[in-house]
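Chemist: Can you keep this structure in mind? I'll have questions shortly.
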Amino acid sequence: MHILPVVLASVAPGLSLLAYFYLKDRYETEPIHLVIRMFVFGFLLVYPTMVLQRSFIEEIGDGNFTTAFFLSGGIEEFLKWIVLYHLIYRHASFDEPYDGIVYAVAVSLGYATLENIIYAFLNASSFSALLIRALLPVSGHALFGVMMGYYMGKAKFTPEKSQRYLWYSLLLPILWHGLFDYILLVAKSYWVWIMIPVMTYLWIRTLWRVDRANARSPLRIAPSDEKIKMS
């Protein structure tokens with residue numbers, strides 16, 4: 001196995017998706033050093049996640065439902081949420097709703113990138129296998145990150161409903177991550193026919209959330225026709 005091509009093929013999807021969502025910020029891009037820091041934190045989350053998963057497997061087992069919604073979706077999304085809430089939620093750079101998406105995607109893709117590297121080396125993956133992972137698990141992590149960051153942004157900038165939106169930012173990614181993994185675990189021979197409409201729906205909702213978060217930016221300059229209506 002040639003190490004460098006495998007590493008590059010494993011890292012490229014996560015960095016590409018991170019660049020895509022980073023550049024979607026219409027009004028004020030985030031400090032790149034902070035985005036990279038959150039990516040690294042996501043990268044570092046993989047080891048404690050694996051330790052927790054192994055510990056819980058020994059205690060409660062690893063049935064399909066438990067694996068999908070608790071061991072994978074539950075633990076992974078909870079740890080990402082903890083990092084975001086404690087390091088970013090009250091940070092001065094989090095000054096518009098879309099910022100939540102940028103930082104959540106950075107954490108999620110940091111996690112997905114190291115997970116992808118580990119998978120490639122443990123399974124001696126071919127290019128086609130890495131391509132499938134880029135289209136499914138890696139992009140899945142990005143979409144769950146958008147979901148988490150979108151509602152964390154709503155929580156920060158809608159104070160009267162902050163508790164509700166913080167719960168949404170945690171529970172919805174867990175639910176969708178769990179469903180994603182459950183489909184792959186249960187529908188082993190026909191998963192592609194279920195996953196295509198699921199991923200299509202998630203991408204449509206993701207792009208809608210991106211537009212909505214940008215539209216709510218306090219840095220947004222209202223078009224002239226909106227200014228006339230407001231005056």
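Ligands are numbered from 1 in the order shown, residues from 1 within each chain, and chains are lettered A, B, ... in the order they appear in the structure tokens.
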Show me, as a list in words, the residues that have an atom within 10 Å of Ser72 in chain A when counting only C-alpha atoms, minus same-chain residues fewer than 2 positions from it.
Modeler: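 Once the adjacent positions are removed, what remains is Thr49, Met50, Gln53, Phe65, Thr66, Thr67, Ala68, Phe69, Phe70, Gly74, Ile75, Glu76, Glu77, Phe78, Ile174, His177, Gly178, Asp181 and Tyr182 of chain A.
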Chemist: Can those selected residues be exported to a file as a short mmCIF file (atom, residue, chain, number, x, y, z; two decimals), in the first residue's frame so that it contains N, CA, C and O atoms?
Modeler:
data_model
loop_
_atom_site.label_atom_id
_atom_site.label_comp_id
_atom_site.auth_asym_id
_atom_site.auth_seq_id
_atom_site.Cartn_x
_atom_site.Cartn_y
_atom_site.Cartn_z
N THR A 49 -13.92 8.90 21.58
CA THR A 49 -15.16 8.28 21.11
C THR A 49 -15.00 6.76 21.02
O THR A 49 -15.88 6.01 21.47
N MET A 50 -13.88 6.31 20.47
CA MET A 50 -13.64 4.87 20.35
C MET A 50 -13.55 4.20 21.72
O MET A 50 -14.06 3.09 21.92
N GLN A 53 -17.13 4.04 23.10
CA GLN A 53 -17.90 3.03 22.37
C GLN A 53 -17.52 1.62 22.81
O GLN A 53 -18.39 0.77 23.03
N PHE A 65 -29.74 -1.46 16.44
CA PHE A 65 -30.36 -0.21 16.90
C PHE A 65 -29.45 0.51 17.89
O PHE A 65 -29.24 1.73 17.81
N THR A 66 -28.88 -0.24 18.83
CA THR A 66 -27.99 0.35 19.83
C THR A 66 -26.75 0.95 19.17
O THR A 66 -26.32 2.06 19.50
N THR A 67 -26.18 0.22 18.21
CA THR A 67 -24.99 0.71 17.52
C THR A 67 -25.29 1.99 16.76
O THR A 67 -24.54 2.97 16.83
N ALA A 68 -26.41 2.00 16.02
CA ALA A 68 -26.73 3.14 15.16
C ALA A 68 -27.07 4.39 15.96
O ALA A 68 -26.50 5.47 15.74
N PHE A 69 -28.01 4.25 16.90
CA PHE A 69 -28.56 5.44 17.56
C PHE A 69 -27.84 5.84 18.84
O PHE A 69 -27.93 6.99 19.25
N PHE A 70 -27.11 4.91 19.45
CA PHE A 70 -26.43 5.26 20.69
C PHE A 70 -24.91 5.26 20.52
O PHE A 70 -24.25 6.28 20.69
N GLY A 74 -25.35 8.69 18.82
CA GLY A 74 -25.45 9.33 20.12
C GLY A 74 -24.13 9.85 20.66
O GLY A 74 -23.98 11.03 20.95
N ILE A 75 -23.15 8.97 20.78
CA ILE A 75 -21.87 9.36 21.38
C ILE A 75 -21.12 10.35 20.48
O ILE A 75 -20.60 11.37 20.96
N GLU A 76 -21.07 10.08 19.19
CA GLU A 76 -20.30 10.95 18.29
C GLU A 76 -20.87 12.36 18.24
O GLU A 76 -20.15 13.35 18.38
N GLU A 77 -22.19 12.47 18.06
CA GLU A 77 -22.79 13.80 17.95
C GLU A 77 -22.79 14.53 19.29
O GLU A 77 -22.63 15.75 19.34
N PHE A 78 -22.92 13.79 20.38
CA PHE A 78 -22.88 14.43 21.71
C PHE A 78 -21.51 15.05 21.97
O PHE A 78 -21.41 16.19 22.45
N ILE A 174 -28.30 13.57 16.17
CA ILE A 174 -28.27 12.20 16.70
C ILE A 174 -29.29 11.33 15.97
O ILE A 174 -29.00 10.20 15.56
N HIS A 177 -28.16 10.88 12.22
CA HIS A 177 -26.95 10.04 12.19
C HIS A 177 -27.32 8.59 12.50
O HIS A 177 -26.85 7.66 11.85
N GLY A 178 -28.17 8.41 13.51
CA GLY A 178 -28.61 7.07 13.86
C GLY A 178 -29.36 6.40 12.73
O GLY A 178 -29.14 5.22 12.43
N ASP A 181 -26.92 5.34 9.92
CA ASP A 181 -26.18 4.12 10.23
C ASP A 181 -27.09 2.90 10.27
O ASP A 181 -26.68 1.80 9.87
N TYR A 182 -28.30 3.09 10.76
CA TYR A 182 -29.24 1.97 10.86
C TYR A 182 -29.57 1.42 9.47
O TYR A 182 -29.66 0.20 9.28
#
Chemist: From the options A:Ile194, A:Val7, A:Ser16, A:Met147, which residue's atoms come nearest to Thr206 in chain A, counting only C-alpha atoms?
Modeler: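 Under the stated criterion, the closest residue is A:Met147.
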Chemist: Pick the closest to Ala104 in chain A from A:Gln163, A:Asn64, A:Ser55, A:Ser169: which is it, counting only C-alpha atoms?
Modeler: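 Closest candidate: A:Ser169.
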Chemist: Using only C-alpha atoms for the distances, tell me which of A:Leu79, A:Leu166, A:Val105, A:Ala112 is nearest to Phe144 in chain A.
Modeler: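 Going through A:Leu79, A:Leu166, A:Val105, A:Ala112 one by one, the smallest distance to Phe144 in chain A is for A:Val105.
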Chemist: For Met152 in chain A, list every protein, DNA or RNA residue within 9 Å, evaluated using only C-alpha atoms, and leave out those in the same chain fewer than 4 positions away; present the list as JSON, numbers by chain.
Modeler: {"A": [84, 85, 89, 97, 100, 101, 104, 147, 148, 156, 157, 162, 165, 166, 167, 168, 169, 170]}
Chemist: Can you pull out every residue from range 156-202 of chain A that DSSP, working from the backbone, puts in alpha helix (DSSP H), and format the result as a PyMOL selection string?
Modeler: chain A and resi 156-157+162-186+191-202
Chemist: Give me, please, the distance in Å between CA of Ser217 in chain A and CA of Tyr27 in chain A, quoted to one decimal.
Modeler: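 Separation between CA of Ser217 in chain A and CA of Tyr27 in chain A: 7.7 Å.
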Chemist: With a distance cut-off of 12 Å and only C-alpha atoms, select the neighbouring residues of Leu202 in chain A, excluding the residue or stretch itself and same-chain residues fewer than 2 positions from it, and output the selection as a short mmCIF file (atom, residue, chain, number, x, y, z; two decimals) with all heavy atoms, in the first residue's frame.
Modeler:
data_model
loop_
_atom_site.label_atom_id
_atom_site.label_comp_id
_atom_site.auth_asym_id
_atom_site.auth_seq_id
_atom_site.Cartn_x
_atom_site.Cartn_y
_atom_site.Cartn_z
N LEU A 136 -20.76 9.08 1.19
CA LEU A 136 -21.70 8.70 2.26
C LEU A 136 -21.23 9.14 3.64
O LEU A 136 -21.63 10.21 4.11
CB LEU A 136 -21.96 7.19 2.18
CG LEU A 136 -22.82 6.75 0.98
CD1 LEU A 136 -22.91 5.24 0.91
CD2 LEU A 136 -24.20 7.36 1.06
N SER A 139 -19.60 12.90 3.77
CA SER A 139 -20.60 13.92 3.50
C SER A 139 -21.73 13.87 4.53
O SER A 139 -22.30 14.90 4.90
CB SER A 139 -21.16 13.77 2.08
OG SER A 139 -21.80 12.53 1.91
N GLY A 140 -22.02 12.66 5.05
CA GLY A 140 -23.02 12.55 6.11
C GLY A 140 -22.62 13.34 7.33
O GLY A 140 -23.43 14.08 7.91
N HIS A 141 -21.37 13.22 7.76
CA HIS A 141 -20.89 13.99 8.90
C HIS A 141 -21.04 15.49 8.64
O HIS A 141 -21.41 16.26 9.54
CB HIS A 141 -19.44 13.66 9.19
CG HIS A 141 -19.25 12.43 10.04
ND1 HIS A 141 -19.47 12.43 11.40
CD2 HIS A 141 -18.86 11.18 9.72
CE1 HIS A 141 -19.22 11.23 11.88
NE2 HIS A 141 -18.85 10.44 10.88
N ALA A 142 -20.74 15.92 7.42
CA ALA A 142 -20.89 17.34 7.09
C ALA A 142 -22.34 17.79 7.20
O ALA A 142 -22.64 18.86 7.75
CB ALA A 142 -20.36 17.60 5.67
N LEU A 143 -23.26 16.98 6.70
CA LEU A 143 -24.68 17.34 6.74
C LEU A 143 -25.21 17.37 8.17
O LEU A 143 -26.00 18.26 8.52
CB LEU A 143 -25.49 16.36 5.89
CG LEU A 143 -25.09 16.27 4.41
CD1 LEU A 143 -25.99 15.29 3.67
CD2 LEU A 143 -25.15 17.63 3.76
N PHE A 144 -24.77 16.43 9.00
CA PHE A 144 -25.18 16.46 10.41
C PHE A 144 -24.58 17.69 11.10
O PHE A 144 -25.20 18.27 11.99
CB PHE A 144 -24.74 15.18 11.13
CG PHE A 144 -25.15 13.91 10.43
CD1 PHE A 144 -24.29 12.80 10.41
CD2 PHE A 144 -26.36 13.81 9.78
CE1 PHE A 144 -24.65 11.64 9.75
CE2 PHE A 144 -26.74 12.64 9.12
CZ PHE A 144 -25.87 11.55 9.11
N GLY A 145 -23.37 18.06 10.68
CA GLY A 145 -22.75 19.25 11.24
C GLY A 145 -23.51 20.51 10.88
O GLY A 145 -23.70 21.41 11.72
N VAL A 146 -23.98 20.61 9.64
CA VAL A 146 -24.79 21.77 9.24
C VAL A 146 -26.04 21.84 10.09
O VAL A 146 -26.45 22.92 10.56
CB VAL A 146 -25.16 21.68 7.74
CG1 VAL A 146 -26.20 22.75 7.38
CG2 VAL A 146 -23.91 21.86 6.87
N MET A 147 -26.68 20.70 10.30
CA MET A 147 -27.89 20.63 11.12
C MET A 147 -27.61 21.15 12.53
O MET A 147 -28.35 21.97 13.08
CB MET A 147 -28.36 19.17 11.17
CG MET A 147 -29.81 18.93 11.49
SD MET A 147 -30.17 17.15 11.43
CE MET A 147 -29.81 16.76 9.72
N LEU A 172 -31.45 16.41 16.82
CA LEU A 172 -31.68 16.14 15.40
C LEU A 172 -30.48 15.49 14.72
O LEU A 172 -30.66 14.52 13.97
CB LEU A 172 -32.08 17.43 14.67
CG LEU A 172 -33.51 17.91 14.96
CD1 LEU A 172 -33.78 19.24 14.26
CD2 LEU A 172 -34.54 16.86 14.50
N PRO A 173 -29.24 15.95 14.95
CA PRO A 173 -28.11 15.22 14.38
C PRO A 173 -28.00 13.79 14.89
O PRO A 173 -27.64 12.88 14.12
CB PRO A 173 -26.89 16.06 14.81
CG PRO A 173 -27.43 17.43 15.02
CD PRO A 173 -28.81 17.23 15.57
N TRP A 176 -30.72 11.75 12.94
CA TRP A 176 -30.40 11.50 11.53
C TRP A 176 -29.14 10.66 11.36
O TRP A 176 -29.08 9.80 10.47
CB TRP A 176 -30.26 12.83 10.78
CG TRP A 176 -31.59 13.40 10.41
CD1 TRP A 176 -32.27 14.42 11.03
CD2 TRP A 176 -32.42 12.96 9.34
NE1 TRP A 176 -33.46 14.64 10.40
CE2 TRP A 176 -33.59 13.76 9.36
CE3 TRP A 176 -32.31 11.99 8.36
CZ2 TRP A 176 -34.61 13.61 8.44
CZ3 TRP A 176 -33.34 11.82 7.44
CH2 TRP A 176 -34.47 12.62 7.49
N HIS A 177 -28.16 10.88 12.22
CA HIS A 177 -26.95 10.04 12.19
C HIS A 177 -27.32 8.59 12.50
O HIS A 177 -26.85 7.66 11.85
CB HIS A 177 -25.94 10.57 13.20
CG HIS A 177 -24.58 9.97 13.07
ND1 HIS A 177 -23.43 10.63 13.44
CD2 HIS A 177 -24.15 8.74 12.63
CE1 HIS A 177 -22.39 9.87 13.22
NE2 HIS A 177 -22.80 8.71 12.73
N LEU A 179 -30.27 7.14 12.10
CA LEU A 179 -31.03 6.59 10.97
C LEU A 179 -30.11 6.22 9.82
O LEU A 179 -30.26 5.16 9.20
CB LEU A 179 -32.07 7.62 10.51
CG LEU A 179 -32.94 7.20 9.32
CD1 LEU A 179 -33.78 5.97 9.66
CD2 LEU A 179 -33.83 8.36 8.88
N PHE A 180 -29.15 7.09 9.53
CA PHE A 180 -28.17 6.85 8.48
C PHE A 180 -27.45 5.52 8.71
O PHE A 180 -27.36 4.66 7.83
CB PHE A 180 -27.18 8.03 8.48
CG PHE A 180 -26.11 7.96 7.43
CD1 PHE A 180 -26.25 8.64 6.22
CD2 PHE A 180 -24.93 7.26 7.65
CE1 PHE A 180 -25.25 8.59 5.27
CE2 PHE A 180 -23.93 7.20 6.69
CZ PHE A 180 -24.10 7.88 5.50
N MET A 195 -30.76 4.90 0.56
CA MET A 195 -29.84 5.99 0.88
C MET A 195 -29.89 7.12 -0.13
O MET A 195 -29.72 8.29 0.25
CB MET A 195 -28.41 5.44 0.99
CG MET A 195 -27.45 6.39 1.69
SD MET A 195 -27.97 6.82 3.37
CE MET A 195 -27.64 5.26 4.22
N ILE A 196 -30.13 6.81 -1.39
CA ILE A 196 -30.18 7.88 -2.40
C ILE A 196 -31.25 8.91 -2.08
O ILE A 196 -30.96 10.12 -2.03
CB ILE A 196 -30.36 7.30 -3.82
CG1 ILE A 196 -29.06 6.61 -4.27
CG2 ILE A 196 -30.74 8.39 -4.81
CD1 ILE A 196 -29.17 5.90 -5.60
N PRO A 197 -32.52 8.51 -1.84
CA PRO A 197 -33.51 9.55 -1.48
C PRO A 197 -33.24 10.21 -0.14
O PRO A 197 -33.50 11.41 0.03
CB PRO A 197 -34.84 8.78 -1.47
CG PRO A 197 -34.49 7.35 -1.40
CD PRO A 197 -33.16 7.20 -2.04
N VAL A 198 -32.68 9.46 0.83
CA VAL A 198 -32.36 10.06 2.14
C VAL A 198 -31.29 11.14 1.97
O VAL A 198 -31.44 12.26 2.49
CB VAL A 198 -31.89 8.98 3.13
CG1 VAL A 198 -31.28 9.63 4.38
CG2 VAL A 198 -33.05 8.09 3.54
N MET A 199 -30.22 10.84 1.25
CA MET A 199 -29.15 11.81 1.06
C MET A 199 -29.62 12.99 0.21
O MET A 199 -29.20 14.14 0.45
CB MET A 199 -27.93 11.14 0.41
CG MET A 199 -27.21 10.14 1.31
SD MET A 199 -26.49 10.92 2.78
CE MET A 199 -25.09 11.77 2.07
N THR A 200 -30.46 12.73 -0.77
CA THR A 200 -31.01 13.82 -1.59
C THR A 200 -31.80 14.78 -0.71
O THR A 200 -31.65 16.01 -0.80
CB THR A 200 -31.90 13.27 -2.71
OG1 THR A 200 -31.12 12.39 -3.55
CG2 THR A 200 -32.48 14.39 -3.55
N ILE A 204 -30.86 18.73 0.15
CA ILE A 204 -31.81 19.82 -0.14
C ILE A 204 -32.07 20.64 1.12
O ILE A 204 -32.04 21.88 1.09
CB ILE A 204 -33.13 19.24 -0.70
CG1 ILE A 204 -32.91 18.67 -2.10
CG2 ILE A 204 -34.23 20.32 -0.72
CD1 ILE A 204 -34.09 17.90 -2.65
N ARG A 205 -32.30 19.96 2.25
CA ARG A 205 -32.53 20.66 3.51
C ARG A 205 -31.28 21.41 3.96
O ARG A 205 -31.37 22.51 4.54
CB ARG A 205 -32.95 19.67 4.60
CG ARG A 205 -34.32 19.08 4.41
CD ARG A 205 -35.40 20.12 4.60
NE ARG A 205 -35.49 20.58 5.99
CZ ARG A 205 -36.30 21.55 6.40
NH1 ARG A 205 -37.06 22.19 5.52
NH2 ARG A 205 -36.33 21.91 7.67
N THR A 206 -30.11 20.84 3.70
CA THR A 206 -28.87 21.50 4.08
C THR A 206 -28.68 22.81 3.33
O THR A 206 -28.35 23.84 3.93
CB THR A 206 -27.67 20.56 3.81
OG1 THR A 206 -27.72 19.47 4.73
CG2 THR A 206 -26.35 21.28 3.96
N LEU A 207 -28.89 22.78 2.03
CA LEU A 207 -28.74 24.01 1.24
C LEU A 207 -29.78 25.05 1.64
O LEU A 207 -29.49 26.25 1.64
CB LEU A 207 -28.84 23.67 -0.26
CG LEU A 207 -27.72 22.77 -0.78
CD1 LEU A 207 -27.94 22.43 -2.25
CD2 LEU A 207 -26.34 23.43 -0.60
N TRP A 208 -30.98 24.59 2.00
CA TRP A 208 -32.00 25.51 2.51
C TRP A 208 -31.55 26.15 3.82
O TRP A 208 -31.69 27.36 4.01
CB TRP A 208 -33.30 24.74 2.72
CG TRP A 208 -34.41 25.56 3.31
CD1 TRP A 208 -35.28 26.37 2.64
CD2 TRP A 208 -34.79 25.65 4.69
NE1 TRP A 208 -36.16 26.96 3.51
CE2 TRP A 208 -35.89 26.53 4.78
CE3 TRP A 208 -34.29 25.06 5.86
CZ2 TRP A 208 -36.50 26.85 6.00
CZ3 TRP A 208 -34.90 25.37 7.08
CH2 TRP A 208 -36.00 26.25 7.13
N ARG A 209 -30.96 25.35 4.72
CA ARG A 209 -30.47 25.89 5.99
C ARG A 209 -29.34 26.87 5.77
O ARG A 209 -29.24 27.89 6.48
CB ARG A 209 -30.03 24.74 6.91
CG ARG A 209 -31.18 23.92 7.46
CD ARG A 209 -30.69 22.88 8.47
NE ARG A 209 -31.82 22.18 9.06
CZ ARG A 209 -32.13 20.91 8.84
NH1 ARG A 209 -31.36 20.19 8.03
NH2 ARG A 209 -33.18 20.36 9.42
#
Chemist: Figure out the distance between CA of Ala187 in chain A and CA of Gly63 in chain A, please, to one decimal in Å.
Modeler: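 Going from CA of Gly63 in chain A over to CA of Ala187 in chain A covers 14.4 Å.
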Chemist: Can you pull out every residue within 12 Å of Thr29 in chain A, counting only C-alpha atoms, but drop anything in the same chain fewer than 4 positions away, and send it as a list of chain:residue names?
Modeler: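 Once the adjacent positions are removed, what remains is A:Ala19, A:Phe21, A:Tyr22, A:Leu23, A:Lys24, A:Asp25, A:His33, A:Leu34, A:Val35, A:Ser93, A:Phe94, A:Asp95, A:Glu96, A:Tyr98, A:Asp99, A:Gly100, A:Ile101, A:Val102, A:Tyr103, A:Asn214, A:Ser217, A:Leu219.
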Chemist: May I have the residues from that selection written out with N, CA, C and O atoms, as a PDB file, in the first residue's frame?
Modeler:
ATOM      1  N   ALA A  19     -14.059  23.468   2.845  1.00  0.00           N
ATOM      2  CA  ALA A  19     -13.856  24.669   2.023  1.00  0.00           C
ATOM      3  C   ALA A  19     -15.175  25.127   1.408  1.00  0.00           C
ATOM      4  O   ALA A  19     -15.462  26.331   1.349  1.00  0.00           O
ATOM      5  N   PHE A  21     -18.332  24.744   2.531  1.00  0.00           N
ATOM      6  CA  PHE A  21     -19.214  25.403   3.489  1.00  0.00           C
ATOM      7  C   PHE A  21     -18.586  26.676   4.060  1.00  0.00           C
ATOM      8  O   PHE A  21     -19.297  27.629   4.374  1.00  0.00           O
ATOM      9  N   TYR A  22     -17.280  26.712   4.160  1.00  0.00           N
ATOM     10  CA  TYR A  22     -16.597  27.927   4.625  1.00  0.00           C
ATOM     11  C   TYR A  22     -16.842  29.076   3.653  1.00  0.00           C
ATOM     12  O   TYR A  22     -17.126  30.214   4.064  1.00  0.00           O
ATOM     13  N   LEU A  23     -16.751  28.796   2.370  1.00  0.00           N
ATOM     14  CA  LEU A  23     -16.917  29.835   1.355  1.00  0.00           C
ATOM     15  C   LEU A  23     -18.378  30.201   1.117  1.00  0.00           C
ATOM     16  O   LEU A  23     -18.658  31.179   0.415  1.00  0.00           O
ATOM     17  N   LYS A  24     -19.301  29.442   1.694  1.00  0.00           N
ATOM     18  CA  LYS A  24     -20.725  29.765   1.587  1.00  0.00           C
ATOM     19  C   LYS A  24     -21.125  30.923   2.503  1.00  0.00           C
ATOM     20  O   LYS A  24     -22.238  31.426   2.412  1.00  0.00           O
ATOM     21  N   ASP A  25     -20.232  31.312   3.402  1.00  0.00           N
ATOM     22  CA  ASP A  25     -20.504  32.441   4.291  1.00  0.00           C
ATOM     23  C   ASP A  25     -20.485  33.724   3.456  1.00  0.00           C
ATOM     24  O   ASP A  25     -19.440  34.144   2.970  1.00  0.00           O
ATOM     25  N   HIS A  33      -7.784  30.445  11.402  1.00  0.00           N
ATOM     26  CA  HIS A  33      -7.094  29.715  12.463  1.00  0.00           C
ATOM     27  C   HIS A  33      -8.079  29.071  13.426  1.00  0.00           C
ATOM     28  O   HIS A  33      -7.842  27.975  13.947  1.00  0.00           O
ATOM     29  N   LEU A  34      -9.230  29.729  13.644  1.00  0.00           N
ATOM     30  CA  LEU A  34     -10.231  29.167  14.552  1.00  0.00           C
ATOM     31  C   LEU A  34     -10.955  27.986  13.898  1.00  0.00           C
ATOM     32  O   LEU A  34     -11.267  26.990  14.559  1.00  0.00           O
ATOM     33  N   VAL A  35     -11.209  28.095  12.602  1.00  0.00           N
ATOM     34  CA  VAL A  35     -11.837  26.989  11.869  1.00  0.00           C
ATOM     35  C   VAL A  35     -10.910  25.774  11.881  1.00  0.00           C
ATOM     36  O   VAL A  35     -11.349  24.641  12.124  1.00  0.00           O
ATOM     37  N   SER A  93     -16.206  35.472  18.011  1.00  0.00           N
ATOM     38  CA  SER A  93     -16.239  35.301  16.557  1.00  0.00           C
ATOM     39  C   SER A  93     -17.558  34.701  16.064  1.00  0.00           C
ATOM     40  O   SER A  93     -17.846  34.763  14.866  1.00  0.00           O
ATOM     41  N   PHE A  94     -18.325  34.143  16.965  1.00  0.00           N
ATOM     42  CA  PHE A  94     -19.645  33.598  16.606  1.00  0.00           C
ATOM     43  C   PHE A  94     -20.633  34.773  16.643  1.00  0.00           C
ATOM     44  O   PHE A  94     -21.371  34.963  17.592  1.00  0.00           O
ATOM     45  N   ASP A  95     -20.615  35.590  15.566  1.00  0.00           N
ATOM     46  CA  ASP A  95     -21.388  36.833  15.573  1.00  0.00           C
ATOM     47  C   ASP A  95     -22.473  36.886  14.508  1.00  0.00           C
ATOM     48  O   ASP A  95     -23.066  37.938  14.261  1.00  0.00           O
ATOM     49  N   GLU A  96     -22.758  35.774  13.862  1.00  0.00           N
ATOM     50  CA  GLU A  96     -23.898  35.673  12.950  1.00  0.00           C
ATOM     51  C   GLU A  96     -24.326  34.211  12.865  1.00  0.00           C
ATOM     52  O   GLU A  96     -23.528  33.307  13.127  1.00  0.00           O
ATOM     53  N   TYR A  98     -24.822  31.989  10.579  1.00  0.00           N
ATOM     54  CA  TYR A  98     -24.124  31.034   9.723  1.00  0.00           C
ATOM     55  C   TYR A  98     -22.830  30.524  10.352  1.00  0.00           C
ATOM     56  O   TYR A  98     -22.360  29.433  10.023  1.00  0.00           O
ATOM     57  N   ASP A  99     -22.259  31.295  11.279  1.00  0.00           N
ATOM     58  CA  ASP A  99     -21.002  30.878  11.905  1.00  0.00           C
ATOM     59  C   ASP A  99     -21.140  29.530  12.608  1.00  0.00           C
ATOM     60  O   ASP A  99     -20.196  28.745  12.651  1.00  0.00           O
ATOM     61  N   GLY A 100     -22.314  29.272  13.173  1.00  0.00           N
ATOM     62  CA  GLY A 100     -22.541  27.984  13.821  1.00  0.00           C
ATOM     63  C   GLY A 100     -22.349  26.834  12.849  1.00  0.00           C
ATOM     64  O   GLY A 100     -21.783  25.791  13.207  1.00  0.00           O
ATOM     65  N   ILE A 101     -22.791  27.030  11.604  1.00  0.00           N
ATOM     66  CA  ILE A 101     -22.640  25.992  10.581  1.00  0.00           C
ATOM     67  C   ILE A 101     -21.165  25.773  10.266  1.00  0.00           C
ATOM     68  O   ILE A 101     -20.694  24.632  10.187  1.00  0.00           O
ATOM     69  N   VAL A 102     -20.413  26.849  10.097  1.00  0.00           N
ATOM     70  CA  VAL A 102     -18.987  26.731   9.756  1.00  0.00           C
ATOM     71  C   VAL A 102     -18.237  25.934  10.822  1.00  0.00           C
ATOM     72  O   VAL A 102     -17.502  24.985  10.514  1.00  0.00           O
ATOM     73  N   TYR A 103     -18.441  26.296  12.091  1.00  0.00           N
ATOM     74  CA  TYR A 103     -17.687  25.644  13.155  1.00  0.00           C
ATOM     75  C   TYR A 103     -18.160  24.205  13.388  1.00  0.00           C
ATOM     76  O   TYR A 103     -17.350  23.318  13.668  1.00  0.00           O
ATOM     77  N   ASN A 214     -27.702  32.440   6.296  1.00  0.00           N
ATOM     78  CA  ASN A 214     -27.112  33.640   5.710  1.00  0.00           C
ATOM     79  C   ASN A 214     -28.107  34.798   5.679  1.00  0.00           C
ATOM     80  O   ASN A 214     -27.751  35.952   5.927  1.00  0.00           O
ATOM     81  N   SER A 217     -28.323  36.919   8.836  1.00  0.00           N
ATOM     82  CA  SER A 217     -27.113  37.566   9.328  1.00  0.00           C
ATOM     83  C   SER A 217     -27.370  39.029   9.684  1.00  0.00           C
ATOM     84  O   SER A 217     -27.949  39.774   8.882  1.00  0.00           O
ATOM     85  N   LEU A 219     -25.203  41.138   9.636  1.00  0.00           N
ATOM     86  CA  LEU A 219     -24.289  41.880   8.772  1.00  0.00           C
ATOM     87  C   LEU A 219     -24.853  42.070   7.370  1.00  0.00           C
ATOM     88  O   LEU A 219     -24.252  42.747   6.543  1.00  0.00           O
TER      89      LEU A 219
END
Chemist: Tell me, in Å to one decimal, how far CA of Val210 in chain A is from CA of Val11 in chain A.
Modeler: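 Separation between CA of Val210 in chain A and CA of Val11 in chain A: 23.6 Å.
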